[in-house]
Amino acid sequence: MIDFITFCDYTGTFAFAISGIRLASAKQFDWFGAYVVGVVTAVGGGTLRDILLNATPFWMTQSSYLIVSALALLFVLVFRRYVIHLNNTFFIFDAIGLGLFVVVGIDKTLEFGFPMWVAIVMGTITGSFGGMLRDILINEEPLIFRKDIYALACVFGGLIYYICMQTALSLAMTQAISATSVFMARVIAVRYHISVPVLKGEE
Amino acid sequence: MIDFITFCDYTGTFAFAISGIRLASAKQFDWFGAYVVGVVTAVGGGTLRDILLNATPFWMTQSSYLIVSALALLFVLVFRRYVIHLNNTFFIFDAIGLGLFVVVGIDKTLEFGFPMWVAIVMGTITGSFGGMLRDILINEEPLIFRKDIYALACVFGGLIYYICMQTALSLAMTQAISATSVFMARVIAVRYHISVPVLKGEE
Amino acid sequence: MIDFITFCDYTGTFAFAISGIRLASAKQFDWFGAYVVGVVTAVGGGTLRDILLNATPFWMTQSSYLIVSALALLFVLVFRRYVIHLNNTFFIFDAIGLGLFVVVGIDKTLEFGFPMWVAIVMGTITGSFGGMLRDILINEEPLIFRKDIYALACVFGGLIYYICMQTALSLAMTQAISATSVFMARVIAVRYHISVPVLKGEE
């Protein structure tokens, strides 16, 4: 089970870093800048969560996150021409990572003794804040506020987690169902173009 | 007295959230995105203050701030067409909230044992940083640096707080005078179009 | 030795603040806004480092950083017309500050018991994050990702620090060599227009 979780964690980190590196490269960032954007996309959410929880940021105790991000840069450099054909694959990886990130965020927050609603907020932050930072760094309006369901899929997964907790399900089962819910919500939202209605401003 | 402070706190949170939601809606954010911008505007300043003070962010121990922000979203959704006519009311609410936020920031910083100048900086951060984050999220240059007196009203209120502390005034009186100073500075600055001179760059 | 380090620290703070104030003035920020951008540029990197290390932000225990930033504002106001002719001088000051900031970031991180790779990341954050925040505040894409070698000079200085640590060199010598390496890397990169290759995106 640990191996599977680690696999999801690295997959998610890789996919998140790829998304940052690709958007940075579209903006003519240099290699190092693209790497930084990739790292920030991958670890930004968990870092804000850890700062708010007053915990040591997770990537400071394990170098694998920076290494996986470096591999993502290498991947984009080497397979530059083919990367675009892998869009669907990246999307799946990204959704897997998102599901896991949300569950990790929830677990860690509950371990720190906070109530469930804080845990859901933290799960959402863990999953979405990296992408928000990415968009700020490349000077775009955060996409997650305007396209498909992203942050809301995290909230949904958090609610599923909460519901499962009320049952006799084991923790591992709760985590698996919650992560899968996030994953499915993302896939269904994108497949069927489901999005949150735009808030029309006053004239 | 506590009731009055709580009232001001919620009023300020509501007004700050409204300002975030309205600006996000002008940028075609979806409902959830607008809610996030509203929350960030309302709690962003106090959150940075608490991170810098190494305290648990205030909204993580009390769900009312997220709830008041949700009410602000509901309000904008329902009264969309009339909201623009309430500009003056929102401005007053916002100024009340600002005054209170500054005083809360100062008090908390002094409780943590920091000197007055740090408290004034923290009061200013509590009052202004949320609006700065809001403008970054919607990808605009922070307005508070270019229009009317905003952050400077917070600094002014902090100086008034310091002066009152040198006198025999009670703490409650000091807080009330300081918050009122911020409020008045905002109202007067906007009413008479007083602003800090623009810093002309070299040619 | 302490005097020399303090001198470099103030020089760097002054130069970083000047760069923030000048860019803010080019965007028509008001005086106070320009001051805030100057302060953020000067202390932003060290502040993120301290938040990540769970330390009290350095500028909250010593008012000199805010005062030096205020002097930088005064300098720009008074010598507005001549500032542009001092570009080379500012560049040297900035590079001196960068070298020192990197070393300070590394030292502090090692003192907190983190391994060398975290210290190099923190040195780089200390040196570069302020400029990144500056560019976000004035709503520009972060320059450090696209021009010359900046963040990478910090990484380079960190590697030199690590190499020196493996030798019999004293700590002071290690620090001096590392800071000088950052300084030289910056000067050489700008002098000979050396930059990191742009990451060409897929078509």
# chains A, B, ... in the order shown; residues from 1 in each chain; ligands from 1
>>> residues_around(residues="C:Ile106", least_positions_apart="3", cutoff="10 Å", atoms="only C-alpha atoms", output="number ranges by chain")
C: 49, 100-103, 109-111, 114, 116-126, 157-158, 161-162, 175
>>> write_last_selection(atoms="N, CA, C and O atoms", output="mmCIF file, in the first residue's frame")
data_model
loop_
_atom_site.group_PDB
_atom_site.id
_atom_site.type_symbol
_atom_site.label_atom_id
_atom_site.label_comp_id
_atom_site.auth_asym_id
_atom_site.auth_seq_id
_atom_site.Cartn_x
_atom_site.Cartn_y
_atom_site.Cartn_z
ATOM 1 N N ARG C 49 12.196 32.623 3.727
ATOM 2 C CA ARG C 49 13.138 31.688 4.350
ATOM 3 C C ARG C 49 12.800 31.459 5.813
ATOM 4 O O ARG C 49 12.699 30.310 6.268
ATOM 5 N N LEU C 100 25.803 38.351 -0.166
ATOM 6 C CA LEU C 100 25.646 38.263 1.276
ATOM 7 C C LEU C 100 24.344 37.563 1.661
ATOM 8 O O LEU C 100 24.338 36.708 2.552
ATOM 9 N N PHE C 101 23.259 37.919 0.983
ATOM 10 C CA PHE C 101 21.962 37.333 1.307
ATOM 11 C C PHE C 101 22.007 35.803 1.161
ATOM 12 O O PHE C 101 21.436 35.075 1.977
ATOM 13 N N VAL C 102 22.671 35.348 0.109
ATOM 14 C CA VAL C 102 22.768 33.901 -0.122
ATOM 15 C C VAL C 102 23.489 33.225 1.051
ATOM 16 O O VAL C 102 23.017 32.222 1.593
ATOM 17 N N VAL C 103 24.614 33.810 1.445
ATOM 18 C CA VAL C 103 25.405 33.220 2.534
ATOM 19 C C VAL C 103 24.625 33.243 3.849
ATOM 20 O O VAL C 103 24.611 32.254 4.596
ATOM 21 N N THR C 109 20.033 28.350 7.682
ATOM 22 C CA THR C 109 19.388 27.055 7.448
ATOM 23 C C THR C 109 20.203 25.917 8.052
ATOM 24 O O THR C 109 19.645 24.973 8.640
ATOM 25 N N LEU C 110 21.528 26.001 7.915
ATOM 26 C CA LEU C 110 22.389 24.970 8.514
ATOM 27 C C LEU C 110 22.283 24.999 10.039
ATOM 28 O O LEU C 110 22.223 23.956 10.692
ATOM 29 N N GLU C 111 22.237 26.221 10.599
ATOM 30 C CA GLU C 111 22.068 26.362 12.054
ATOM 31 C C GLU C 111 20.791 25.668 12.537
ATOM 32 O O GLU C 111 20.743 25.154 13.647
ATOM 33 N N PHE C 114 19.176 21.713 9.047
ATOM 34 C CA PHE C 114 18.779 21.120 7.779
ATOM 35 C C PHE C 114 20.005 20.728 6.966
ATOM 36 O O PHE C 114 21.088 21.286 7.163
ATOM 37 N N MET C 116 22.508 20.232 3.570
ATOM 38 C CA MET C 116 23.070 21.245 2.669
ATOM 39 C C MET C 116 22.145 21.574 1.505
ATOM 40 O O MET C 116 22.042 22.730 1.107
ATOM 41 N N TRP C 117 21.471 20.580 0.945
ATOM 42 C CA TRP C 117 20.645 20.908 -0.233
ATOM 43 C C TRP C 117 19.489 21.841 0.130
ATOM 44 O O TRP C 117 19.115 22.704 -0.658
ATOM 45 N N VAL C 118 18.943 21.674 1.344
ATOM 46 C CA VAL C 118 17.912 22.622 1.794
ATOM 47 C C VAL C 118 18.535 24.012 1.960
ATOM 48 O O VAL C 118 17.935 25.029 1.588
ATOM 49 N N ALA C 119 19.760 24.051 2.497
ATOM 50 C CA ALA C 119 20.439 25.334 2.715
ATOM 51 C C ALA C 119 20.667 26.057 1.387
ATOM 52 O O ALA C 119 20.504 27.279 1.298
ATOM 53 N N ILE C 120 21.022 25.307 0.346
ATOM 54 C CA ILE C 120 21.237 25.939 -0.966
ATOM 55 C C ILE C 120 19.915 26.499 -1.494
ATOM 56 O O ILE C 120 19.851 27.613 -2.011
ATOM 57 N N VAL C 121 18.839 25.719 -1.338
ATOM 58 C CA VAL C 121 17.521 26.218 -1.758
ATOM 59 C C VAL C 121 17.178 27.493 -0.983
ATOM 60 O O VAL C 121 16.719 28.487 -1.556
ATOM 61 N N MET C 122 17.440 27.492 0.327
ATOM 62 C CA MET C 122 17.103 28.643 1.159
ATOM 63 C C MET C 122 17.978 29.857 0.816
ATOM 64 O O MET C 122 17.514 30.995 0.836
ATOM 65 N N GLY C 123 19.248 29.608 0.519
ATOM 66 C CA GLY C 123 20.117 30.702 0.086
ATOM 67 C C GLY C 123 19.589 31.325 -1.198
ATOM 68 O O GLY C 123 19.553 32.554 -1.344
ATOM 69 N N THR C 124 19.141 30.466 -2.097
ATOM 70 C CA THR C 124 18.598 30.957 -3.372
ATOM 71 C C THR C 124 17.300 31.724 -3.148
ATOM 72 O O THR C 124 17.077 32.785 -3.748
ATOM 73 N N ILE C 125 16.453 31.199 -2.260
ATOM 74 C CA ILE C 125 15.205 31.900 -1.924
ATOM 75 C C ILE C 125 15.506 33.259 -1.295
ATOM 76 O O ILE C 125 14.924 34.276 -1.663
ATOM 77 N N THR C 126 16.453 33.276 -0.348
ATOM 78 C CA THR C 126 16.816 34.532 0.307
ATOM 79 C C THR C 126 17.263 35.573 -0.714
ATOM 80 O O THR C 126 16.915 36.744 -0.627
ATOM 81 N N GLY C 157 26.696 29.831 -5.912
ATOM 82 C CA GLY C 157 27.348 30.206 -4.662
ATOM 83 C C GLY C 157 27.132 29.161 -3.574
ATOM 84 O O GLY C 157 28.011 28.900 -2.752
ATOM 85 N N GLY C 158 25.955 28.552 -3.582
ATOM 86 C CA GLY C 158 25.664 27.502 -2.607
ATOM 87 C C GLY C 158 26.536 26.276 -2.830
ATOM 88 O O GLY C 158 27.019 25.658 -1.866
ATOM 89 N N TYR C 161 29.948 27.025 -1.589
ATOM 90 C CA TYR C 161 29.922 26.935 -0.124
ATOM 91 C C TYR C 161 30.114 25.472 0.289
ATOM 92 O O TYR C 161 30.923 25.146 1.167
ATOM 93 N N TYR C 162 29.363 24.601 -0.364
ATOM 94 C CA TYR C 162 29.420 23.175 -0.042
ATOM 95 C C TYR C 162 30.817 22.603 -0.286
ATOM 96 O O TYR C 162 31.358 21.857 0.549
ATOM 97 N N GLN C 175 32.442 31.459 3.866
ATOM 98 C CA GLN C 175 31.394 32.456 3.599
ATOM 99 C C GLN C 175 31.860 33.504 2.599
ATOM 100 O O GLN C 175 31.128 33.859 1.667
#
>>> select_by_dssp(residues="chain B", states="alpha helix (DSSP H)", output="PyMOL selection string")
chain B and resi 2-26+31-53+64-78+80-83+87-111+116-137+151-165+171-191
>>> residues_around(residues="A:Gly44", least_positions_apart="4", cutoff="8 Å", atoms="only C-alpha atoms", output="PDB file with C-alpha atoms, in the first residue's frame")
ATOM      1  CA  VAL A  39       8.664  22.963  -8.462  1.00  0.00           C
ATOM      2  CA  VAL A  40       6.323  25.674  -7.199  1.00  0.00           C
ATOM      3  CA  LEU A  48       1.110  26.588   2.159  1.00  0.00           C
ATOM      4  CA  THR A 126      -2.919  21.184  -1.083  1.00  0.00           C
ATOM      5  CA  PHE A 129      -2.740  26.285  -4.531  1.00  0.00           C
ATOM      6  CA  GLY A 130       0.265  25.109  -6.568  1.00  0.00           C
ATOM      7  CA  GLY A 131      -1.611  25.716  -9.809  1.00  0.00           C
ATOM      8  CA  LEU A 133       0.886  30.092  -7.753  1.00  0.00           C
TER       9      LEU A 133
END
>>> closest_residue(among="C:Gly38, C:Gly20, C:Gly99, C:Pro57", to="chain B", atoms="only C-alpha atoms")
C:Pro57
>>> residues_around(residues="A:Cys8", least_positions_apart="2", cutoff="12 Å", atoms="only C-alpha atoms", output="PyMOL selection string")
chain A and resi 1-6+10-16+92-104+176+179-180+183
>>> closest_residue(among="A:Asn88, A:Gln28, A:Ser128, A:Thr167", to="chain C", atoms="only C-alpha atoms")
A:Gln28
>>> closest_atom_pairs(of="chain B", to="chain C", cutoff="12 Å", atoms="only C-alpha atoms", output="Markdown table")
| residue | atom | partner | partner_atom | distance |
| --- | --- | --- | --- | --- |
| B:Leu48 | CA | C:Ile51 | CA | 10.3 |
| B:Arg49 | CA | C:Pro57 | CA | 11.3 |
| B:Asp50 | CA | C:Ile51 | CA | 11.0 |
| B:Ile51 | CA | C:Ile51 | CA | 7.3 |
| B:Leu52 | CA | C:Pro57 | CA | 6.6 |
| B:Leu53 | CA | C:Thr56 | CA | 7.2 |
| B:Asn54 | CA | C:Thr56 | CA | 7.3 |
| B:Ala55 | CA | C:Asn54 | CA | 10.8 |
| B:Thr109 | CA | C:Met60 | CA | 10.7 |
| B:Phe112 | CA | C:Thr56 | CA | 11.5 |
| B:Gly113 | CA | C:Thr61 | CA | 10.9 |
| B:Phe114 | CA | C:Met60 | CA | 7.9 |
| B:Pro115 | CA | C:Thr61 | CA | 8.7 |
| B:Met116 | CA | C:Met60 | CA | 10.7 |
| B:Trp117 | CA | C:Ser63 | CA | 8.0 |
| B:Val118 | CA | C:Met60 | CA | 6.2 |
| B:Ala119 | CA | C:Met60 | CA | 9.6 |
| B:Ile120 | CA | C:Met60 | CA | 11.3 |
| B:Val121 | CA | C:Met60 | CA | 9.3 |
| B:Met122 | CA | C:Met60 | CA | 9.9 |
| B:Thr124 | CA | C:Val36 | CA | 11.0 |
| B:Ile125 | CA | C:Val36 | CA | 10.7 |
| B:Ser128 | CA | C:Val36 | CA | 11.3 |
| B:Phe129 | CA | C:Val36 | CA | 11.1 |
| B:Met132 | CA | C:Leu137 | CA | 8.3 |
| B:Leu133 | CA | C:Leu137 | CA | 9.3 |
| B:Arg134 | CA | C:Leu137 | CA | 11.4 |
| B:Asp135 | CA | C:Leu137 | CA | 9.1 |
| B:Ile136 | CA | C:Leu137 | CA | 7.2 |
| B:Leu137 | CA | C:Ile136 | CA | 10.3 |
| B:Ile138 | CA | C:Asn139 | CA | 10.6 |
| B:Asn139 | CA | C:Asn139 | CA | 7.0 |
| B:Glu140 | CA | C:Asn139 | CA | 6.6 |
| B:Glu141 | CA | C:Asn139 | CA | 5.4 |
| B:Pro142 | CA | C:Leu137 | CA | 6.8 |
| B:Leu143 | CA | C:Phe29 | CA | 9.1 |
| B:Ile144 | CA | C:Gly33 | CA | 7.4 |
| B:Phe145 | CA | C:Gly33 | CA | 4.2 |
| B:Arg146 | CA | C:Phe29 | CA | 5.3 |
| B:Lys147 | CA | C:Asp30 | CA | 8.2 |
| B:Asp148 | CA | C:Asp30 | CA | 9.5 |
| B:Ile149 | CA | C:Phe32 | CA | 9.3 |
| B:Tyr150 | CA | C:Phe32 | CA | 9.8 |
| B:Ala151 | CA | C:Phe32 | CA | 8.1 |
| B:Leu152 | CA | C:Phe32 | CA | 7.3 |
| B:Ala153 | CA | C:Phe32 | CA | 11.0 |
| B:Cys154 | CA | C:Phe32 | CA | 11.9 |
| B:Val155 | CA | C:Phe32 | CA | 10.5 |
| B:Ser195 | CA | C:Asp30 | CA | 8.3 |
| B:Val196 | CA | C:Asp30 | CA | 5.7 |
| B:Pro197 | CA | C:Asp30 | CA | 5.5 |
| B:Val198 | CA | C:Asp30 | CA | 3.8 |
| B:Leu199 | CA | C:Ser25 | CA | 5.1 |
| B:Lys200 | CA | C:Ser25 | CA | 5.7 |
| B:Gly201 | CA | C:Ser25 | CA | 4.8 |
| B:Glu202 | CA | C:Arg81 | CA | 5.9 |
| B:Glu203 | CA | C:Arg81 | CA | 8.0 |
>>> atom_distance(atom1="atom CA of A:His193", atom2="atom CA of A:Phe91")
14.3 Å
>>> atom_distance(atom1="atom CA of A:Leu159", atom2="atom CA of A:Gly127")
14.6 Å
